[in-house]
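Colleague: So that you have it, the file is target.txt, and it contains compact mmCIF, C-alpha atoms and all ligand atoms:
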# COMPACT_ATOMS: atom_id res chain seq x y z
CA MET A 1 50.02 21.80 7.23
CA HIS A 2 49.30 19.18 9.89
CA ILE A 3 51.44 18.77 13.01
CA ALA A 4 51.06 15.88 15.45
CA VAL A 5 52.30 16.49 18.99
CA ILE A 6 53.09 13.11 20.55
CA GLY A 7 52.65 13.68 24.26
CA GLY A 8 50.38 16.59 23.41
CA ALA A 9 48.78 16.77 26.85
CA SER A 10 52.15 17.61 28.42
CA THR A 11 53.08 21.03 29.73
CA ILE A 12 55.49 21.51 26.85
CA GLY A 13 53.36 19.82 24.18
CA SER A 14 50.25 21.82 25.00
CA THR A 15 52.24 25.06 25.16
CA VAL A 16 53.83 24.32 21.79
CA ALA A 17 50.35 23.63 20.41
CA TYR A 18 48.98 26.87 21.85
CA THR A 19 51.86 28.90 20.46
CA LEU A 20 51.54 27.28 17.03
CA ALA A 21 47.76 27.69 16.88
CA THR A 22 47.81 31.32 17.93
CA THR A 23 50.79 32.18 15.70
CA ASP A 24 49.37 30.53 12.60
CA PRO A 25 45.70 29.49 12.75
CA THR A 26 45.94 27.71 9.38
CA ILE A 27 47.91 24.84 10.92
CA ASP A 28 46.06 21.62 11.82
CA ILE A 29 47.26 20.30 15.16
CA THR A 30 46.61 16.89 16.69
CA LEU A 31 47.51 16.22 20.30
CA VAL A 32 48.37 12.52 20.57
CA ASP A 33 48.47 11.31 24.16
CA PRO A 34 47.27 8.35 26.24
CA ALA A 35 45.95 10.98 28.67
CA THR A 36 43.00 11.54 26.36
CA GLU A 37 40.91 13.58 28.79
CA ALA A 38 43.68 16.12 29.38
CA ALA A 39 44.53 16.16 25.66
CA TRP A 40 40.87 16.82 24.80
CA ALA A 41 40.73 19.65 27.33
CA HIS A 42 43.85 21.30 25.90
CA ALA A 43 42.55 20.91 22.34
CA VAL A 44 39.22 22.59 23.13
CA ASP A 45 40.83 25.35 25.20
CA ILE A 46 43.39 26.10 22.45
CA THR A 47 40.64 26.04 19.82
CA HIS A 48 38.86 28.76 21.78
CA ALA A 49 42.12 30.73 22.01
CA THR A 50 42.41 30.85 18.21
CA PHE A 51 39.19 32.92 18.13
CA HIS A 52 41.02 35.74 19.89
CA ALA A 53 44.26 35.21 18.00
CA ALA A 54 42.55 36.14 14.74
CA THR A 55 40.82 39.50 14.56
CA THR A 56 37.34 38.02 14.33
CA PRO A 57 34.91 37.92 12.71
CA VAL A 58 36.81 37.04 9.54
CA ASP A 59 35.22 36.43 6.16
CA GLY A 60 34.21 32.94 5.11
CA ASP A 61 37.16 32.48 2.74
CA ARG A 62 39.69 33.23 5.47
CA ALA A 63 37.83 31.08 7.97
CA ALA A 64 37.98 28.18 5.50
CA SER A 65 41.78 28.32 5.66
CA PHE A 66 41.81 27.85 9.44
CA GLY A 67 43.00 24.54 10.83
CA THR A 68 41.66 22.49 13.70
CA VAL A 69 43.08 21.48 17.06
CA ARG A 70 42.02 18.03 18.18
CA ALA A 71 43.08 15.20 20.47
CA VAL A 72 43.46 11.47 19.85
CA GLY A 73 44.89 8.44 21.63
CA PRO A 74 48.19 6.96 20.32
CA ASP A 75 46.41 4.08 18.55
CA GLU A 76 44.62 6.59 16.30
CA LEU A 77 47.85 8.12 14.95
CA PRO A 78 48.03 5.86 11.84
CA ASP A 79 44.46 6.82 10.84
CA LEU A 80 44.89 10.60 10.92
CA ASP A 81 43.60 12.16 7.73
CA PRO A 82 45.46 14.00 6.38
CA ALA A 83 48.60 12.32 7.70
CA PRO A 84 50.88 14.64 9.69
CA ASP A 85 53.63 16.58 7.92
CA LEU A 86 55.66 16.78 11.12
CA ALA A 87 55.69 15.01 14.48
CA ILE A 88 56.83 16.76 17.65
CA VAL A 89 57.69 14.41 20.51
CA THR A 90 57.10 15.69 24.04
CA ALA A 91 56.03 12.38 25.59
CA ALA A 92 57.75 11.80 28.92
CA ALA A 93 57.48 9.99 32.22
CA PRO A 94 56.32 12.07 35.19
CA ARG A 95 59.22 13.80 36.90
CA PRO A 96 59.67 13.83 40.67
CA ASP A 97 58.97 17.12 42.45
CA ASP A 98 62.68 17.59 43.17
CA ALA A 99 63.70 17.28 39.50
CA THR A 100 65.14 20.76 39.46
CA ASP A 101 68.86 19.94 39.80
CA ARG A 102 71.29 20.26 36.92
CA ASP A 103 71.26 16.51 36.42
CA ALA A 104 67.46 16.50 35.98
CA ARG A 105 67.60 15.84 32.23
CA GLU A 106 70.00 12.92 32.70
CA ALA A 107 67.80 11.59 35.47
CA GLU A 108 64.96 11.25 32.95
CA LEU A 109 66.98 8.95 30.67
CA GLU A 110 65.94 5.50 31.87
CA ALA A 111 62.21 6.19 32.14
CA ASN A 112 62.05 8.15 28.90
CA ARG A 113 63.96 5.52 26.92
CA ALA A 114 60.99 3.20 27.34
CA ILE A 115 58.60 5.97 26.33
CA VAL A 116 60.63 6.85 23.25
CA ASP A 117 60.62 3.17 22.26
CA ASP A 118 56.83 3.26 22.55
CA VAL A 119 56.67 6.47 20.48
CA ALA A 120 58.83 4.79 17.82
CA GLU A 121 56.26 2.02 17.60
CA GLN A 122 53.47 4.58 17.27
CA LEU A 123 55.35 6.42 14.50
CA GLN A 124 56.01 3.17 12.61
CA GLY A 125 52.31 3.31 11.77
CA ILE A 126 52.77 6.34 9.49
CA ASP A 127 55.04 7.15 6.56
CA PRO A 128 58.31 8.88 7.52
CA VAL A 129 57.96 12.57 8.34
CA PRO A 130 60.36 14.91 10.11
CA VAL A 131 60.31 14.30 13.86
CA LEU A 132 61.39 16.96 16.33
CA VAL A 133 62.23 15.42 19.71
CA LEU A 134 61.91 17.51 22.86
CA THR A 135 61.90 14.66 25.37
CA ASN A 136 64.98 14.86 27.59
CA PRO A 137 67.79 14.09 27.51
CA ILE A 138 67.32 15.00 23.86
CA ASP A 139 70.69 14.07 22.36
CA ARG A 140 70.52 10.53 23.73
CA LEU A 141 66.82 10.08 23.02
CA THR A 142 66.88 11.58 19.53
CA TYR A 143 69.49 8.95 18.71
CA ARG A 144 67.42 6.27 20.39
CA LEU A 145 64.31 7.23 18.41
CA TRP A 146 66.26 7.27 15.15
CA ASP A 147 67.77 3.87 15.97
CA ARG A 148 64.35 2.37 16.76
CA LEU A 149 62.54 4.01 13.83
CA ALA A 150 65.19 3.22 11.20
CA TRP A 151 63.97 6.25 9.18
CA PRO A 152 66.47 8.30 7.13
CA ARG A 153 68.53 10.32 9.56
CA GLU A 154 67.49 13.53 7.78
CA ARG A 155 64.06 13.07 9.32
CA VAL A 156 65.13 13.01 12.95
CA LEU A 157 65.96 16.12 14.98
CA GLY A 158 66.27 17.10 18.63
CA TYR A 159 65.21 20.54 19.79
CA SER A 160 67.89 22.59 21.56
CA LEU A 161 67.34 26.11 20.26
CA SER A 162 66.47 27.56 23.68
CA GLU A 163 70.22 27.68 24.34
CA THR A 164 70.61 30.29 21.62
CA ALA A 165 68.11 32.59 23.33
CA ARG A 166 69.70 32.06 26.74
CA THR A 167 73.16 32.68 25.31
CA ALA A 168 72.03 35.90 23.64
CA HIS A 169 70.42 37.05 26.88
CA GLU A 170 73.58 36.58 28.93
CA ILE A 171 75.90 38.04 26.29
CA GLY A 172 73.55 41.01 26.09
CA ARG A 173 73.79 41.49 29.87
CA LEU A 174 77.59 41.16 29.90
CA THR A 175 78.14 43.55 27.00
CA ASP A 176 75.30 45.97 27.68
CA SER A 177 73.67 45.07 24.37
CA HIS A 178 70.10 44.15 23.57
CA PRO A 179 69.84 40.33 23.25
CA ALA A 180 68.01 40.77 19.96
CA THR A 181 71.20 42.24 18.47
CA VAL A 182 73.26 39.22 19.52
CA TYR A 183 73.98 36.36 17.14
CA CYS A 184 75.81 33.44 18.76
CA PRO A 185 74.80 29.94 17.64
CA VAL A 186 75.06 27.08 20.14
CA MET A 187 76.25 23.57 19.32
CA GLY A 188 76.94 20.50 21.44
CA GLU A 189 74.84 18.83 24.11
CA HIS A 190 71.49 20.05 25.43
CA GLY A 191 73.02 20.00 28.88
CA GLU A 192 76.40 20.36 30.56
CA GLY A 193 78.24 19.91 27.26
CA VAL A 194 76.74 23.01 25.70
CA VAL A 195 79.08 24.73 23.20
CA PRO A 196 78.28 28.37 22.40
CA VAL A 197 80.15 29.12 19.17
CA PHE A 198 81.83 32.35 20.31
CA SER A 199 84.03 32.37 17.20
CA ARG A 200 80.89 33.27 15.22
CA LEU A 201 79.62 35.87 17.71
CA ARG A 202 78.29 39.07 16.20
CA ILE A 203 76.67 41.93 18.05
CA ASP A 204 74.70 44.30 15.88
CA GLY A 205 76.32 42.58 12.90
CA GLU A 206 79.89 43.22 14.15
CA PRO A 207 82.26 40.33 15.02
CA THR A 208 82.85 40.58 18.78
CA THR A 209 85.25 38.87 21.19
CA LEU A 210 84.43 38.01 24.80
CA THR A 211 86.99 37.44 27.55
CA ASP A 212 87.52 33.91 28.92
CA ASP A 213 85.63 34.90 32.07
CA GLN A 214 82.71 36.21 30.06
CA ARG A 215 82.59 33.01 28.00
CA ALA A 216 82.63 30.90 31.14
CA ALA A 217 79.83 33.03 32.59
CA VAL A 218 77.72 32.49 29.46
CA ARG A 219 78.18 28.72 29.57
CA GLU A 220 77.35 28.67 33.27
CA TYR A 221 74.21 30.73 32.74
CA VAL A 222 72.98 28.49 29.92
CA ARG A 223 73.58 25.37 32.00
CA SER A 224 71.92 26.64 35.15
CA VAL A 225 69.06 28.97 34.24
CA PRO A 226 66.53 26.30 33.13
CA PHE A 227 66.85 24.68 36.54
CA GLU A 228 66.60 27.96 38.39
CA ILE A 229 63.35 28.53 36.50
CA ALA A 230 62.10 25.03 37.37
CA ALA A 231 63.14 25.40 41.02
CA ARG A 232 61.27 28.68 41.42
CA ARG A 233 58.19 27.60 39.47
CA GLY A 234 58.03 23.89 40.31
CA ALA A 235 59.33 20.82 38.46
CA ALA A 236 56.11 20.45 36.45
CA GLU A 237 56.74 23.87 34.91
CA THR A 238 59.78 23.61 32.67
CA SER A 239 60.78 26.45 30.36
CA ARG A 240 57.58 26.27 28.36
CA TRP A 241 57.62 29.76 26.88
CA VAL A 242 61.09 29.86 25.34
CA THR A 243 60.72 26.27 24.23
CA SER A 244 57.44 26.81 22.42
CA ALA A 245 58.69 30.00 20.77
CA GLY A 246 61.85 28.18 19.65
CA VAL A 247 59.88 25.24 18.27
CA VAL A 248 57.69 27.62 16.27
CA ARG A 249 60.88 29.21 14.93
CA VAL A 250 62.14 25.81 13.80
CA ILE A 251 58.82 25.04 12.10
CA ARG A 252 58.70 28.41 10.35
CA THR A 253 62.21 27.76 9.05
CA MET A 254 61.41 24.19 8.00
CA PHE A 255 58.11 25.02 6.29
CA ALA A 256 59.00 28.49 5.03
CA GLU A 257 56.70 28.23 2.04
CA ARG A 258 53.74 26.75 3.83
CA THR A 259 53.02 28.74 6.98
CA SER A 260 50.81 31.80 6.64
CA THR A 261 53.32 33.93 8.56
CA GLY A 262 56.23 32.93 6.28
CA ALA A 263 59.79 32.42 7.43
CA ASP A 264 61.85 35.40 8.32
CA ALA A 265 63.26 33.38 11.19
CA ALA A 266 66.43 32.22 9.50
CA ALA A 267 67.18 35.42 7.65
CA THR A 268 67.50 38.42 9.92
CA ALA A 269 69.89 41.31 9.52
CA ASN A 270 72.31 39.83 12.04
CA ALA A 271 72.21 36.25 10.80
CA PRO A 272 71.59 36.23 7.07
CA ALA A 273 70.32 32.81 6.06
CA ASP A 274 72.39 31.12 8.76
CA PRO A 275 71.45 27.53 9.61
CA VAL A 276 69.89 26.67 12.97
CA CYS A 277 71.57 24.35 15.47
CA LEU A 278 69.57 21.20 16.23
CA SER A 279 70.54 17.76 17.45
CA THR A 280 70.73 15.16 14.70
CA PRO A 281 72.41 11.79 14.06
CA LEU A 282 75.99 12.27 12.90
CA ASP A 283 77.73 10.30 10.19
CA GLY A 284 81.23 11.69 10.00
CA GLU A 285 80.36 15.37 10.42
CA TYR A 286 82.73 17.18 12.78
CA GLY A 287 84.66 13.92 13.00
CA PHE A 288 81.87 11.99 14.79
CA ASP A 289 80.27 8.94 13.27
CA ASP A 290 77.69 8.07 15.91
CA GLY A 291 75.37 9.71 18.41
CA CYS A 292 73.47 12.99 18.14
CA LEU A 293 74.70 16.48 18.96
CA SER A 294 73.43 19.92 18.05
CA VAL A 295 75.08 21.03 14.83
CA PRO A 296 74.14 23.66 12.26
CA VAL A 297 71.52 22.35 9.86
CA THR A 298 69.55 23.76 6.97
CA LEU A 299 65.95 22.64 6.86
CA THR A 300 63.30 21.77 4.30
CA PRO A 301 59.82 20.28 4.81
CA SER A 302 61.49 16.85 4.63
CA GLY A 303 63.86 17.60 7.51
CA VAL A 304 67.60 18.27 7.31
CA SER A 305 68.86 19.20 3.85
CA GLU A 306 72.45 19.78 4.96
CA ILE A 307 74.63 19.56 8.05
CA VAL A 308 76.90 22.55 7.72
CA GLU A 309 80.51 22.11 8.84
CA TRP A 310 81.68 25.39 10.31
CA GLU A 311 85.31 26.23 10.93
CA LEU A 312 85.54 26.11 14.73
CA ALA A 313 88.12 27.42 17.18
CA ASP A 314 90.30 24.73 18.80
CA GLU A 315 88.58 25.21 22.14
CA GLU A 316 85.16 24.80 20.53
CA ARG A 317 86.27 21.56 18.86
CA GLU A 318 87.57 20.25 22.18
CA ARG A 319 84.33 21.09 23.95
CA LEU A 320 82.35 19.44 21.17
CA ALA A 321 84.47 16.28 21.45
CA ALA A 322 83.88 16.17 25.23
CA ALA A 323 80.14 16.58 24.68
CA HIS A 324 80.19 13.79 22.11
CA GLU A 325 82.06 11.47 24.44
CA SER A 326 79.54 12.09 27.20
CA VAL A 327 76.52 11.55 24.94
CA VAL A 328 77.73 8.35 23.27
CA ALA A 329 78.65 6.84 26.64
CA ASP A 330 74.88 6.48 27.24
CA LEU A 331 73.83 5.05 23.87
N1 LIG O 1 64.22 20.11 24.66
C1 LIG O 1 63.84 21.11 25.43
O1 LIG O 1 64.28 22.25 25.28
C2 LIG O 1 62.86 20.87 26.53
C3 LIG O 1 62.51 19.59 26.83
N2 LIG O 1 61.62 19.34 27.84
C4 LIG O 1 61.30 17.94 28.06
O2 LIG O 1 60.02 17.68 27.49
C5 LIG O 1 59.49 16.52 28.13
C6 LIG O 1 58.04 16.82 28.50
O3 LIG O 1 58.04 17.65 29.64
P1 LIG O 1 56.65 18.10 30.32
O4 LIG O 1 55.86 18.84 29.32
O5 LIG O 1 56.95 18.75 31.60
O6 LIG O 1 55.98 16.64 30.57
P2 LIG O 1 54.60 16.29 31.29
O7 LIG O 1 54.91 15.43 32.46
O8 LIG O 1 53.78 17.51 31.49
O9 LIG O 1 53.83 15.40 30.21
C7 LIG O 1 54.30 14.22 29.66
C8 LIG O 1 53.19 13.69 28.74
O10 LIG O 1 53.66 12.54 28.03
C9 LIG O 1 52.54 11.68 27.89
N3 LIG O 1 53.01 10.33 27.59
C10 LIG O 1 53.56 9.42 28.44
N4 LIG O 1 53.82 8.29 27.77
C11 LIG O 1 53.44 8.48 26.49
C12 LIG O 1 53.48 7.68 25.32
N5 LIG O 1 53.97 6.43 25.38
N6 LIG O 1 53.03 8.20 24.16
C13 LIG O 1 52.54 9.44 24.10
N7 LIG O 1 52.47 10.26 25.19
C14 LIG O 1 52.93 9.79 26.36
C15 LIG O 1 51.84 11.78 29.24
O11 LIG O 1 50.50 11.29 29.19
C16 LIG O 1 51.92 13.28 29.50
O12 LIG O 1 50.81 13.95 28.94
C17 LIG O 1 60.40 16.22 29.31
O13 LIG O 1 61.28 15.17 28.97
C18 LIG O 1 61.15 17.52 29.50
O14 LIG O 1 62.40 17.36 30.11
C19 LIG O 1 61.02 20.32 28.54
C20 LIG O 1 61.35 21.64 28.27
C21 LIG O 1 62.28 22.01 27.26
O1 LIG O 2 65.21 20.20 31.57
C1 LIG O 2 64.11 20.70 31.34
O2 LIG O 2 63.04 20.24 31.80
C2 LIG O 2 63.98 21.89 30.48
C3 LIG O 2 64.91 21.97 29.34
O3 LIG O 2 65.43 21.03 28.80
C4 LIG O 2 65.16 23.33 28.86
O4 LIG O 2 64.39 24.24 29.21
O5 LIG O 2 66.14 23.52 28.16
Could you take the file, read its structure, and then write that structure out as structure tokens?
Modeller:
Amino acid sequence: MHIAVIGGASTIGSTVAYTLATTDPTIDITLVDPATEAAWAHAVDITHATFHAATTPVDGDRAASFGTVRAVGPDELPDLDPAPDLAIVTAAAPRPDDATDRDAREAELEANRAIVDDVAEQLQGIDPVPVLVLTNPIDRLTYRLWDRLAWPRERVLGYSLSETARTAHEIGRLTDSHPATVYCPVMGEHGEGVVPVFSRLRIDGEPTTLTDDQRAAVREYVRSVPFEIAARRGAAETSRWVTSAGVVRVIRTMFAERTSTGADAAATANAPADPVCLSTPLDGEYGFDDGCLSVPVTLTPSGVSEIVEWELADEERERLAAAHESVVADL
């Protein structure tokens, strides 16, 4: 499997590449970035890391299955051989040092629109593959990329799975449970319009109800914690660890048959074969016929195979509608 990370010299892109390479050394990774020196440096450093990730020395047959990590400029994307099976987009404009407020994702919109348009042009040079957009604000820019690319909508996804981990963490704290026992999917906007689907909450497999105050506390935590992290660590250091782990989870789910570690991600005891929530263009699902929002999707190596329409509580539907209104206002 070959994954191209567009904006691969970025903090997030390089961390995703590192996590992928050290989780599954059979994957070929190409860092595509105009910052070719930095991309080269990440590629070589990550290549060295894969030596430790495998218990070396391995035999020649196993070594032959290992992939490579390399760096290229954007104009070389169409010539990659083999062509990528998946593109991850982390290209972004530099953020100011004070980009740690809750409106920081929105503040990126104007500058990153132009970059996403450029990425669309780069991607036009290859045949359609699934594209996972991380560039913020993801719901608006996933739609923008899809609009510019004119690829089937099944191919285009925005990454928002970190919310699920943050939600589980806070529910775990509030209920004195281990976060790993918490299943609570998260729909809506990657931002203020986040919609944890409390009607589907299970803890240790048991349906569980939170109070209104607890629900509000969870939403508030999910909205604010990424910016608390950025404020304490510096704007150049976004939530790289949860993001890269979540992206690997998406890829393992999407390419279940083809990664050497296999995909147990979507089928755990607490969430048997449940879909994952990612942002994707909507065409009537949940009553919305434009824009992108995170909704439950099932995945194949081609992208989205199905957008699943869950029965939602009235309050969840209302919150989803508000998120949709906010997102489409910026299209
Ligand atoms: N969806 C999510 O959960 C998360 C999203 N993000 C977002 O990911 C994006 C990247 O963040 P950082 O890693 O901090 O960025 P960064 O500032 O470290 O790197 C951006 C990279 O994009 C490259 N780039 C610029 N224009 C390009 C183009 N036209 N084509 C290809 N590459 C180009 C730059 O050379 C640079 O290497 C931001 O928009 C950030 O908000 C960050 C964390 C989580
Ligand atoms: O806003 C950021 O830079 C980080 C982000 O999206 C997240 O961690 O969810």
Colleague: What lies within 12 Å of A:Phe198 using only C-alpha atoms, ignoring chain neighbours under 4 positions off, as a VMD selection string?
Modeller: chain A and resid 164 167 to 168 171 182 to 187 194 202 to 203 207 to 212 214 to 216 218 to 219 311 to 317
Colleague: For a quick check of understanding, using all atoms listed in the file, which of A:His52, A:His42, A:Arg232, A:Arg95 has the smallest distance to ligand LIG 2 (chain O)?
Modeller: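 Checking each candidate against ligand LIG 2 (chain O), we get A:Arg95 as the closest.
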Colleague: My list of candidates is A:Val195, A:Val247, A:Glu306, A:Leu282. Which is closest to A:Leu320 when distances are computed with all atoms listed in the file?
Modeller: A:Val195
Colleague: For atom CA of A:Ser326 and atom CA of A:Glu192, quote the distance in Å rounded to one decimal.
Modeller: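 One can read the atom CA of A:Ser326 to atom CA of A:Glu192 distance as 9.5 Å.
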Colleague: Find the residues around A:Ala93 up to 12 Å (all atoms listed in the file counted), leave out those fewer than 2 positions away in its own chain, and share them as a list of chain:residue names.
Modeller: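 That gives A:Gly7, A:Ser10, A:Pro34, A:Thr90, A:Ala91, A:Arg95, A:Pro96, A:Arg105, A:Ala107, A:Glu108, A:Leu109, A:Glu110, A:Ala111, A:Asn112, A:Arg113, A:Ala114, A:Ile115, A:Val116, A:Asp118, A:Thr135, A:Asn136, A:Ala236.
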Colleague: Determine the nearest neighbour of A:Ile138 from the options A:Glu237, A:Glu189, A:Asp176, A:Glu206, counting only C-alpha atoms.
Modeller: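 Counting only C-alpha atoms, the residue closest to A:Ile138 is A:Glu189.
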Colleague: Compute the set of protein, DNA and RNA residues whose minimum atom distance to ligand LIG 2 (chain O) is at most 10 Å, using only C-alpha atoms and all ligand atoms, and state it as a PyMOL selection string.
Modeller: chain A and resi 12+95+99-108+134-138+159-163+166+190-191+222-227+229-230+235-243
Colleague: Near A:Ser302, counting all atoms listed in the file, which residues have an atom at most 10 Å away, once you skip same-chain residues fewer than 5 positions from it, shown as a list of chain:residue names?
Modeller: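 Listed by chain and then number, they are A:Asp85, A:Leu86, A:Pro128, A:Val129, A:Pro130, A:Val131, A:Glu154, A:Arg155, A:Val156, A:Met254, A:Phe255.
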Colleague: So, with only C-alpha atoms and all ligand atoms as the atoms that count, which of A:Ala54, A:Ala321, A:Val119, A:Ala71 lies closest to ligand LIG 1 (chain O)?
Modeller: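 Of A:Ala54, A:Ala321, A:Val119, A:Ala71, the one nearest ligand LIG 1 (chain O), counting only C-alpha atoms and all ligand atoms, is A:Val119.
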